[in-house]
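Scroll down for the structure; my scribbles are underneath it.
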Amino acid sequence: MDIKTGPAVIADVDSIMRIEASGIAHPWTRDSIEALVNDDNKIALKAFTDDGEVIGYVGASYVLDEAEIGNICVLPEYRGQGAGKMLLNDLLETLKTCGIVTVFLEVESDNTNAIALYEKAGFTRYNLRKDYYGEGRDAMLYRRSL
Ligand SMILES: CC(C)(COP(=O)(O)OP(=O)(O)OC[C@H]1O[C@@H](n2cnc3c(N)ncnc32)[C@H](O)[C@@H]1OP(=O)(O)O)[C@@H](O)C(=O)NCCC(=O)NCCS
């Protein structure tokens with residue numbers, strides 16, 4: 001299956017909400033996803049199939065020359081086929097053209113798939129917030145220069 005990435009638009013918000021509900025414990029609200037698509041200092045990219053089905057997305061916001069990845073998610077049945085990697089690469093390229101020099105993100109310490117994705121993309125861990133997501137659930141802080 002051919003998967004492509006590109007900018008998400010307002011018509012993709014329902015699909016993005018479904019993707020969030022499928023894989024994220026605390027999905028974002030419609031308002032925050034609409035802001036991700038609409039706002040000047042935010043970027044939302046989608047991954048989609050040949051027939052136009054939106055199967056993943058990534059969202060980031062930026063200030064001056066720093067960006068933060070808010071979320072990345074791929075529908076469970078499409079994982080492991082490179083969509084996450086494509087979304088992340090496309091996002092990093094897009095951020096670079098916006099003049100961003102450092103990208104930050106945080107990820108729960110037991111999320112091995114996401115951690116592998118980020119580390120393969122060149123992110124390095126610079127800190128850990130103990131119990132950030134609740135007792136025994138640490139946040140790992142990652143960053144990457146562009
Ligand atoms: C994290 C996530 C977006 C990865 O998307 P994906 O499309 O499955 O990822 P890809 O197929 O592009 O894989 C990219 C890399 O991630 C790692 N990876 C992804 N899935 C993996 C798995 N099941 N086992 C081991 N490594 C995995 C690998 O390093 C892989 O690189 P490789 O194929 O060269 O070995 C997806 O698992 C997801 O949506 N998870 C739920 C939401 C989430 O936790 N988001 C992160 C919040 S911080």
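Please note that chains go A, B, ... in the order of the structure tokens, that every chain numbers its residues from 1, and that ligands are numbered from 1 in the order shown.
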
Quick one: DSSP strand (DSSP E) residues in chain A, as a compact mmCIF listing (two decimals) with C-alpha atoms, in the first residue's frame?
# COMPACT_ATOMS: atom_id res chain seq x y z
CA ILE A 3 1.16 5.88 1.97
CA LYS A 4 1.82 9.58 1.47
CA THR A 5 2.04 12.56 3.80
CA GLY A 6 0.92 16.16 3.45
CA PRO A 7 -0.60 19.11 5.32
CA LYS A 42 1.21 25.24 14.55
CA ILE A 43 1.63 22.47 12.00
CA ALA A 44 -0.49 19.38 11.41
CA LEU A 45 0.49 16.79 8.83
CA LYS A 46 -1.52 13.74 7.82
CA ALA A 47 -0.60 10.35 6.38
CA PHE A 48 -3.09 9.00 3.87
CA THR A 49 -3.63 6.00 1.62
CA VAL A 54 -6.35 9.50 6.67
CA ILE A 55 -4.47 6.90 8.71
CA GLY A 56 -2.12 8.98 10.84
CA TYR A 57 -1.14 12.45 11.81
CA VAL A 58 1.49 14.49 13.62
CA GLY A 59 1.11 17.88 15.25
CA ALA A 60 3.63 20.43 16.44
CA SER A 61 3.76 24.03 17.59
CA TYR A 62 6.63 26.47 17.44
CA VAL A 63 7.87 29.73 18.90
CA GLU A 66 12.04 26.08 18.77
CA ALA A 67 9.29 23.56 18.13
CA GLU A 68 7.52 20.98 20.23
CA ILE A 69 5.91 17.85 18.84
CA GLY A 70 2.53 17.55 20.55
CA ASN A 71 1.49 14.18 19.22
CA ILE A 72 1.99 11.56 16.57
CA CYS A 73 -0.40 8.69 16.02
CA VAL A 74 -1.09 6.05 13.37
CA THR A 102 15.61 22.66 17.87
CA VAL A 103 12.68 20.26 18.23
CA PHE A 104 11.49 18.95 21.60
CA LEU A 105 9.07 16.23 22.63
CA GLU A 106 8.11 14.16 25.61
CA VAL A 107 7.17 10.51 25.68
CA GLU A 108 6.13 8.07 28.38
CA THR A 124 18.37 12.19 22.07
CA ARG A 125 17.11 12.08 25.63
CA TYR A 126 18.14 15.03 27.78
CA ASN A 127 15.97 14.68 30.86
CA LEU A 128 13.42 12.57 32.70
CA ARG A 129 10.41 13.77 34.71
CA ALA A 139 8.17 11.29 31.05
CA MET A 140 11.30 11.15 28.95
CA LEU A 141 12.29 14.45 27.37
CA TYR A 142 13.89 14.30 23.93
CA ARG A 143 15.33 16.91 21.59
CA ARG A 144 16.93 17.09 18.18
CA SER A 145 18.75 19.81 16.30

Would you name the residues within 6 Å of ligand 1, counting only C-alpha atoms and all ligand atoms, and put them as a PyMOL selection string? chain A and resi 23-24+71-74+79-85+107+113-114+116-117+120

According to DSSP computed on the backbone, where in chain A is there helix (DSSP H, G or I)? Give the residues as number ranges by chain. A: 10-23, 30-38, 76-78, 83-97, 112-120

Min atom-atom distance to A:Ala8 from the set A:Ile33, A:Leu75, A:Leu88, A:Leu146, counting only C-alpha atoms, belongs to A:Ile33

One decimal, Å: what's the distance from atom CA of A:Asp14 over to atom CA of A:Thr94, could you say?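 Computing it gives 23.3 Å between the two atoms.
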
Write out as a list in words each polymer residue whose atoms come within 8 Å of stretch 27-31 of chain A, counting only C-alpha atoms; drop sequence neighbours fewer than 4 positions from it.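 Residues near the query, excluding close chain neighbours: Val13, Met17, Glu20, Ala21 and Ala35 of chain A.
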
Saved selection, atoms kept: N, CA and C atoms, as a compact mmCIF listing (two decimals), in the first residue's frame:
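Okay, again-v3.txt is ready:
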# COMPACT_ATOMS: atom_id res chain seq x y z
N VAL A 13 -10.23 17.03 10.36
CA VAL A 13 -10.29 17.04 11.82
C VAL A 13 -11.03 15.82 12.37
N MET A 17 -9.49 13.09 14.90
CA MET A 17 -10.10 12.75 16.20
C MET A 17 -10.29 11.24 16.34
N GLU A 20 -6.87 9.74 17.06
CA GLU A 20 -6.50 10.00 18.46
C GLU A 20 -7.24 9.03 19.38
N ALA A 21 -8.55 8.88 19.14
CA ALA A 21 -9.35 8.01 20.02
C ALA A 21 -8.87 6.57 19.95
N ALA A 35 -7.18 24.05 16.15
CA ALA A 35 -6.13 25.06 16.32
C ALA A 35 -4.83 24.57 15.68

Please compute the atom CA of A:Leu92-atom CA of A:Ala121 distance, one decimal, in Å.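 Separation of atom CA of A:Leu92 and atom CA of A:Ala121: 9.4 Å.
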
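From atom CA of A:His26 back to atom CA of A:Tyr132, the distance works out to 14.4 Å.
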
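With distances taken over only C-alpha atoms, A:Gly52 is the one residue among A:Leu87, A:Gly52, A:Asp40, A:Met1 lying closest to A:Ser15.
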